[in-house]
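Notes follow the structure.
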Amino acid sequence: MSSDAPPPLGERISGLFEPAQLMIWAMSHYFRVCTEAVFQKGQVLAPLLQTGRLRDEAFGRFWIEFSSTPARTAAIEPNSEDEANNAPVGSSALIPPLLKTASGVVLDIGPGTGTQMPLLRSPAIKAIYGAEPCAGLHAELRKKAASEGLAEKYTILPCGVAAAELVPALADVGVDVDSGGVFDTILCVRVLCSVPEMERTVRELYRLLKPGGRLLITEHVVNPWRTAKGSLAGRLAQAVYQFLGWSWYIGDCHLDRDTEKVLRVAAEGDGGWESMQLDRCFEWSAMPYLSGTLVKKSG
Ligand SMILES: C[S@@+](CC[C@H](N)C(=O)[O-])C[C@H]1O[C@@H](n2cnc3c(N)ncnc32)[C@H](O)[C@@H]1O
């Protein structure tokens with residue numbers, strides 16, 4: 001299903017440059033972190049030998065800054081005039097209606113700084129486990145859980161989503177997934193673009209869902225340029241950004257993943273998902289979005 005009509009040409013063209021702004025922003029953090037390592041800390045070889053650590057630190061700083069921009073926070077419900085001025089825009093507006101449906105035991109993949117936490121205050125949610133590998137974001141995440149009154153419910157797992165890391169991290173906090181799915185809801189908000197081996201990761205997440213459990217996703221995806229609503233310019237822009245190092249500077253993010261296909265395949269062993277309600281937006285741009293709910297068969 002596809003919902004949005006393309007904006008006027010001028011807006012479509014400027015939209016193609018939006019990722020460039022993000023990339024320059026992230027690059028500036030990366031170069032700052034490298035400069036600090038060399039000139040302030042005397043770690044002359046760090047930009048060559050410790051790229052993983054420096055990229056992680058730079059991405060953490062970038063994401064803290066990015067996610068504190070009011071229009072990006074995505075979590076504010078515009079129920080007063082003042083808040084309406086800060087209402088989420090663009091892809092961020094896709095998130096609140098989706099996350100409001102989260103319930104039970106929730107696994108939040110790559111929560112970042114916890115921008116979505118205000119949407120997770122429902123009493124229908126019993127516990128939330130946030131798997132966040134970027135250590136530089138944990139302090140913000142913890143702060144956010146406390147300020148949203150979720151400190152008791154929210155457990156930070158210092159790991160990535162790959163089962164080899166996630167399963168032991170869950171076991172450490174008393175959640176045993178060996179016997180099957182334990183999560184009522186799994187949240188993937190702007191994170192499947194960054195995980196290594198997306199096919200395997202999504203299959204592993206599928207296994208962690210309880211029967212009848214729901215995967216809620218909002219992800220930017222490859223531009224479907226061969227379809228009527230897709231855009232060749234959007235697809236070319238994605239290729240150019242990838243070539244210029246998008247993934248390097250933006251925490252391993254990929255602009256060109258066919259996430260819908262991978263989601264479909266993940267449930268094939270069980271004869272497919274019980275239901276898949278996916279909406280596509282911004283298909284004219286370099287960051288088209290896929291958003292919606294996938295329900296695992298109950299038995
Ligand atoms: C673009 S940010 C999105 C953060 C948050 N979900 C939001 O929408 O505000 C991507 C997040 O995924 C995290 N991430 C990257 N690779 C990951 C992995 N393999 N497993 C879990 N999280 C990962 C990053 O550290 C980052 O916090």
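Chain identifiers are assigned as A, B, and so on, following the order in which chains appear in the structure tokens; residues are numbered from 1 within each chain, and ligands are numbered from 1 in order of appearance.
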If you run DSSP on this backbone, which residues of range 36-267 of chain A come out as strand (DSSP E or B), and could you give them as a PyMOL selection string? chain A and resi 104-109+125-131+154-157+183-189+209-220
Hey, could you make a per-residue contact list for chain A against ligand 1 with 9 Å as the cut-off, showing the nearest pair of atoms and its distance in Å to one decimal, counting only C-alpha atoms and all ligand atoms, sorted by chain and number, as CSV?
residue,atom,partner,partner_atom_place_in_ligand_line,distance
A:Asp56,CA,ligand 1,25 (O),8.0
A:Phe59,CA,ligand 1,25 (O),7.8
A:Gly60,CA,ligand 1,25 (O),7.2
A:Trp63,CA,ligand 1,2 (S),7.0
A:Ser67,CA,ligand 1,9 (O),6.5
A:Arg72,CA,ligand 1,9 (O),8.3
A:Thr73,CA,ligand 1,9 (O),7.3
A:Ala74,CA,ligand 1,9 (O),8.0
A:Ser92,CA,ligand 1,8 (O),8.2
A:Ile95,CA,ligand 1,8 (O),8.6
A:Asp108,CA,ligand 1,6 (N),7.8
A:Ile109,CA,ligand 1,21 (C),5.2
A:Gly110,CA,ligand 1,22 (N),3.4
A:Pro111,CA,ligand 1,6 (N),4.1
A:Gly112,CA,ligand 1,27 (O),3.2
A:Thr113,CA,ligand 1,9 (O),6.6
A:Gly114,CA,ligand 1,9 (O),6.4
A:Thr115,CA,ligand 1,9 (O),5.0
A:Gln116,CA,ligand 1,9 (O),6.2
A:Gly130,CA,ligand 1,21 (C),8.7
A:Ala131,CA,ligand 1,21 (C),5.6
A:Glu132,CA,ligand 1,22 (N),4.9
A:Pro133,CA,ligand 1,25 (O),5.5
A:Cys134,CA,ligand 1,25 (O),4.5
A:Ala135,CA,ligand 1,25 (O),8.1
A:Gly136,CA,ligand 1,25 (O),8.8
A:Leu137,CA,ligand 1,27 (O),7.2
A:Cys159,CA,ligand 1,20 (N),6.7
A:Gly160,CA,ligand 1,20 (N),3.3
A:Val161,CA,ligand 1,20 (N),3.9
A:Ala162,CA,ligand 1,19 (N),6.4
A:Leu166,CA,ligand 1,20 (N),8.6
A:Leu187,CA,ligand 1,6 (N),8.3
A:Cys188,CA,ligand 1,6 (N),6.7
A:Val189,CA,ligand 1,6 (N),4.4
A:Arg190,CA,ligand 1,3 (C),4.8
A:Val191,CA,ligand 1,12 (O),4.5
A:Leu192,CA,ligand 1,12 (O),7.7
A:Cys193,CA,ligand 1,10 (C),7.9
A:Ser194,CA,ligand 1,16 (N),4.9
A:Val195,CA,ligand 1,19 (N),4.0
A:Pro196,CA,ligand 1,19 (N),5.9
A:Glu197,CA,ligand 1,19 (N),8.9
A:Thr201,CA,ligand 1,19 (N),8.6
A:Thr218,CA,ligand 1,8 (O),8.3
A:Glu219,CA,ligand 1,8 (O),8.9
A:Ile250,CA,ligand 1,1 (C),7.8
A:Gly251,CA,ligand 1,15 (C),6.2
A:Asp252,CA,ligand 1,16 (N),7.0
A:Cys253,CA,ligand 1,1 (C),7.3
Would you mind writing down, as a list in words, each residue of range 231-273 of chain A that DSSP on the backbone assigns to alpha helix (DSSP H)? Leu232, Ala233, Gly234, Arg235, Leu236, Ala237, Gln238, Ala239, Val240, Tyr241, Gln242, Phe243, Trp246, Ser247, Trp248, Tyr249, Thr259, Glu260, Lys261, Val262, Leu263, Arg264, Val265 and Ala266 of chain A
Generate the output file for the selected residues, C-alpha atoms, as a short mmCIF file (atom, residue, chain, number, x, y, z; two decimals), in the first residue's frame.
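Output file selection09.cif follows:
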data_model
loop_
_atom_site.label_atom_id
_atom_site.label_comp_id
_atom_site.auth_asym_id
_atom_site.auth_seq_id
_atom_site.Cartn_x
_atom_site.Cartn_y
_atom_site.Cartn_z
CA LEU A 232 14.86 6.93 -10.65
CA ALA A 233 16.35 10.20 -9.33
CA GLY A 234 15.70 8.98 -5.78
CA ARG A 235 17.36 5.64 -6.52
CA LEU A 236 20.38 7.31 -8.17
CA ALA A 237 20.74 9.68 -5.22
CA GLN A 238 20.78 6.65 -2.89
CA ALA A 239 23.57 5.07 -4.96
CA VAL A 240 25.59 8.31 -4.92
CA TYR A 241 25.29 8.72 -1.13
CA GLN A 242 26.27 5.10 -0.59
CA PHE A 243 29.30 5.63 -2.86
CA TRP A 246 26.98 7.19 3.86
CA SER A 247 27.32 3.88 5.70
CA TRP A 248 30.73 4.77 7.07
CA TYR A 249 29.63 8.04 8.65
CA THR A 259 13.39 -4.53 3.77
CA GLU A 260 9.88 -5.57 2.71
CA LYS A 261 11.21 -8.56 0.78
CA VAL A 262 13.31 -9.65 3.76
CA LEU A 263 10.36 -9.30 6.14
CA ARG A 264 8.18 -11.47 3.88
CA VAL A 265 10.81 -14.19 3.60
CA ALA A 266 11.40 -14.33 7.38
#
Could you pull the residues within 8 Å of range 280-288 of chain A, counting only C-alpha atoms, minus those fewer than 6 positions along the same chain, as a tab-separated table (two decimals) with all heavy atoms, in the first residue's frame?
chain	number	residue	atom	x	y	z
A	1	MET	N	0.84	-1.19	0.00
A	1	MET	CA	0.00	0.00	0.00
A	1	MET	C	0.89	1.25	0.00
A	1	MET	O	1.94	1.28	0.60
A	1	MET	CB	-0.83	-0.02	1.28
A	1	MET	CG	-2.04	0.84	1.22
A	1	MET	SD	-3.08	0.36	2.60
A	1	MET	CE	-3.03	1.81	3.58
A	2	SER	N	0.48	2.27	-0.70
A	2	SER	CA	1.30	3.48	-0.77
A	2	SER	C	0.39	4.67	-0.52
A	2	SER	O	-0.71	4.72	-1.03
A	2	SER	CB	1.93	3.56	-2.15
A	2	SER	OG	2.74	4.67	-2.23
A	3	SER	N	0.86	5.66	0.28
A	3	SER	CA	-0.10	6.66	0.70
A	3	SER	C	0.14	8.08	0.21
A	3	SER	O	-0.79	8.81	-0.02
A	3	SER	CB	-0.19	6.67	2.21
A	3	SER	OG	1.04	6.98	2.74
A	4	ASP	N	1.40	8.51	0.03
A	4	ASP	CA	1.54	9.95	-0.17
A	4	ASP	C	1.67	10.36	-1.62
A	4	ASP	O	2.23	9.65	-2.45
A	4	ASP	CB	2.74	10.47	0.65
A	4	ASP	CG	4.05	9.91	0.16
A	4	ASP	OD1	4.05	8.81	-0.43
A	4	ASP	OD2	5.06	10.56	0.36
A	6	PRO	N	3.28	12.82	-4.47
A	6	PRO	CA	4.56	13.53	-4.52
A	6	PRO	C	4.36	15.03	-4.38
A	6	PRO	O	3.37	15.57	-4.89
A	6	PRO	CB	5.11	13.18	-5.91
A	6	PRO	CG	4.09	12.37	-6.60
A	6	PRO	CD	2.95	12.10	-5.69
A	12	ARG	N	10.71	18.20	-4.32
A	12	ARG	CA	11.27	16.87	-4.61
A	12	ARG	C	12.77	16.98	-4.82
A	12	ARG	O	13.53	16.16	-4.34
A	12	ARG	CB	10.63	16.28	-5.87
A	12	ARG	CG	9.19	15.88	-5.66
A	12	ARG	CD	8.80	14.71	-6.53
A	12	ARG	NE	8.96	14.91	-7.96
A	12	ARG	CZ	8.06	15.50	-8.76
A	12	ARG	NH1	6.93	15.95	-8.25
A	12	ARG	NH2	8.29	15.63	-10.04
A	15	GLY	N	14.46	17.63	-1.58
A	15	GLY	CA	14.41	16.39	-0.78
A	15	GLY	C	15.55	15.45	-1.13
A	15	GLY	O	16.04	14.71	-0.27
A	16	LEU	N	16.01	15.51	-2.37
A	16	LEU	CA	17.11	14.62	-2.77
A	16	LEU	C	18.41	15.00	-2.04
A	16	LEU	O	19.31	14.18	-1.89
A	16	LEU	CB	17.34	14.70	-4.29
A	16	LEU	CG	16.23	14.14	-5.17
A	16	LEU	CD1	16.59	14.32	-6.65
A	16	LEU	CD2	15.98	12.66	-4.89
A	19	PRO	N	19.56	13.90	2.53
A	19	PRO	CA	20.59	13.01	3.09
A	19	PRO	C	21.98	13.64	3.08
A	19	PRO	O	22.80	13.33	3.94
A	19	PRO	CB	20.54	11.78	2.18
A	19	PRO	CG	19.17	11.80	1.57
A	19	PRO	CD	18.83	13.25	1.42
A	220	HIS	N	13.51	3.25	6.57
A	220	HIS	CA	13.72	3.76	5.21
A	220	HIS	C	14.30	2.62	4.36
A	220	HIS	O	15.01	1.75	4.88
A	220	HIS	CB	14.57	5.03	5.18
A	220	HIS	CG	15.97	4.85	5.66
A	220	HIS	ND1	16.96	4.32	4.88
A	220	HIS	CD2	16.55	5.14	6.85
A	220	HIS	CE1	18.09	4.30	5.55
A	220	HIS	NE2	17.87	4.78	6.76
A	221	VAL	N	13.94	2.61	3.10
A	221	VAL	CA	14.22	1.44	2.25
A	221	VAL	C	14.73	1.89	0.88
A	221	VAL	O	14.73	3.09	0.56
A	221	VAL	CB	12.93	0.59	2.07
A	221	VAL	CG1	12.49	-0.01	3.38
A	221	VAL	CG2	11.82	1.43	1.45
A	222	VAL	N	15.10	0.90	0.08
A	222	VAL	CA	15.54	1.19	-1.29
A	222	VAL	C	14.39	1.84	-2.07
A	222	VAL	O	13.22	1.48	-1.88
A	222	VAL	CB	16.02	-0.11	-1.98
A	222	VAL	CG1	14.88	-1.10	-2.20
A	222	VAL	CG2	16.71	0.21	-3.30
A	223	ASN	N	14.72	2.77	-2.93
A	223	ASN	CA	13.66	3.41	-3.73
A	223	ASN	C	13.14	2.40	-4.76
A	223	ASN	O	13.92	1.85	-5.55
A	223	ASN	CB	14.19	4.66	-4.44
A	223	ASN	CG	13.04	5.46	-5.03
A	223	ASN	OD1	12.33	4.98	-5.89
A	223	ASN	ND2	12.86	6.66	-4.52
A	224	PRO	N	11.83	2.18	-4.78
A	224	PRO	CA	11.26	1.21	-5.73
A	224	PRO	C	11.10	1.87	-7.10
A	224	PRO	O	9.98	2.06	-7.60
A	224	PRO	CB	9.91	0.88	-5.10
A	224	PRO	CG	9.52	2.15	-4.40
A	224	PRO	CD	10.79	2.82	-3.94
A	229	LYS	N	5.18	4.62	-8.51
A	229	LYS	CA	5.40	5.69	-7.53
A	229	LYS	C	6.87	5.91	-7.19
A	229	LYS	O	7.21	6.87	-6.51
A	229	LYS	CB	4.62	5.38	-6.26
A	229	LYS	CG	3.13	5.45	-6.48
A	229	LYS	CD	2.44	5.86	-5.22
A	229	LYS	CE	1.02	6.23	-5.54
A	229	LYS	NZ	0.21	6.47	-4.38
A	230	GLY	N	7.73	4.99	-7.62
A	230	GLY	CA	9.15	5.13	-7.32
A	230	GLY	C	9.79	6.22	-8.16
A	230	GLY	O	9.14	6.84	-9.01
A	231	SER	N	11.08	6.45	-7.90
A	231	SER	CA	11.75	7.55	-8.59
A	231	SER	C	13.18	7.14	-8.95
A	231	SER	O	13.95	6.72	-8.06
A	231	SER	CB	11.77	8.78	-7.66
A	231	SER	OG	12.87	9.61	-7.95
A	233	ALA	N	15.45	9.19	-9.94
A	233	ALA	CA	16.35	10.20	-9.33
A	233	ALA	C	16.60	9.83	-7.86
A	233	ALA	O	17.74	9.92	-7.37
A	233	ALA	CB	15.72	11.58	-9.44
A	234	GLY	N	15.55	9.39	-7.18
A	234	GLY	CA	15.70	8.98	-5.78
A	234	GLY	C	16.64	7.80	-5.66
A	234	GLY	O	17.51	7.76	-4.78
A	235	ARG	N	16.50	6.84	-6.58
A	235	ARG	CA	17.36	5.64	-6.52
A	235	ARG	C	18.81	6.01	-6.84
A	235	ARG	O	19.74	5.50	-6.20
A	235	ARG	CB	16.83	4.60	-7.52
A	235	ARG	CG	17.63	3.30	-7.53
A	235	ARG	CD	17.48	2.54	-6.21
A	235	ARG	NE	18.41	1.45	-6.08
A	235	ARG	CZ	19.59	1.54	-5.44
A	235	ARG	NH1	20.00	2.68	-4.91
A	235	ARG	NH2	20.37	0.48	-5.35
A	237	ALA	N	20.21	8.93	-6.37
A	237	ALA	CA	20.74	9.68	-5.22
A	237	ALA	C	21.19	8.69	-4.13
A	237	ALA	O	22.26	8.87	-3.53
A	237	ALA	CB	19.68	10.64	-4.68
A	238	GLN	N	20.40	7.65	-3.91
A	238	GLN	CA	20.78	6.65	-2.89
A	238	GLN	C	22.14	6.04	-3.25
A	238	GLN	O	23.01	5.89	-2.38
A	238	GLN	CB	19.73	5.54	-2.82
A	238	GLN	CG	18.41	5.99	-2.22
A	238	GLN	CD	17.41	4.85	-2.10
A	238	GLN	OE1	17.39	3.93	-2.92
A	238	GLN	NE2	16.55	4.92	-1.09
A	255	LEU	N	21.14	2.88	2.57
A	255	LEU	CA	19.94	3.51	2.00
A	255	LEU	C	19.21	2.59	1.04
A	255	LEU	O	18.11	2.90	0.60
A	255	LEU	CB	20.36	4.77	1.22
A	255	LEU	CG	20.81	5.95	2.08
A	255	LEU	CD1	21.50	6.99	1.20
A	255	LEU	CD2	19.64	6.57	2.81
Point out the residue among A:Ser14, A:Thr227, A:Thr185, A:Ser103 with the least atom-to-atom distance to Pro123 in chain A, counting only C-alpha atoms. A:Ser103
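Rounded to one decimal, CA of Gln21 in chain A and CA of Ser291 in chain A lie 23.5 Å from each other.
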Report the distance between CA of Ala58 in chain A and CA of Phe17 in chain A in Å, rounded to one decimal place.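 Interatomic distance, CA of Ala58 in chain A to CA of Phe17 in chain A: 21.8 Å.
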Just want the 12 Å neighbourhood of Val33 in chain A, counted on only C-alpha atoms, with same-chain residues fewer than 5 positions away dropped. Output as a count of residues only. 24
Nearest to Tyr30 in chain A by atom-to-atom distance, counting only C-alpha atoms, from A:Leu208, A:Gly181, A:Gly245, A:Tyr154: A:Gly245
Go through A:Ile24, A:Val177, A:Val182, A:Leu48 and flag the residue nearest Val106 in chain A, using only C-alpha atoms for the distances.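 Under the stated criterion, the closest residue is A:Val182.
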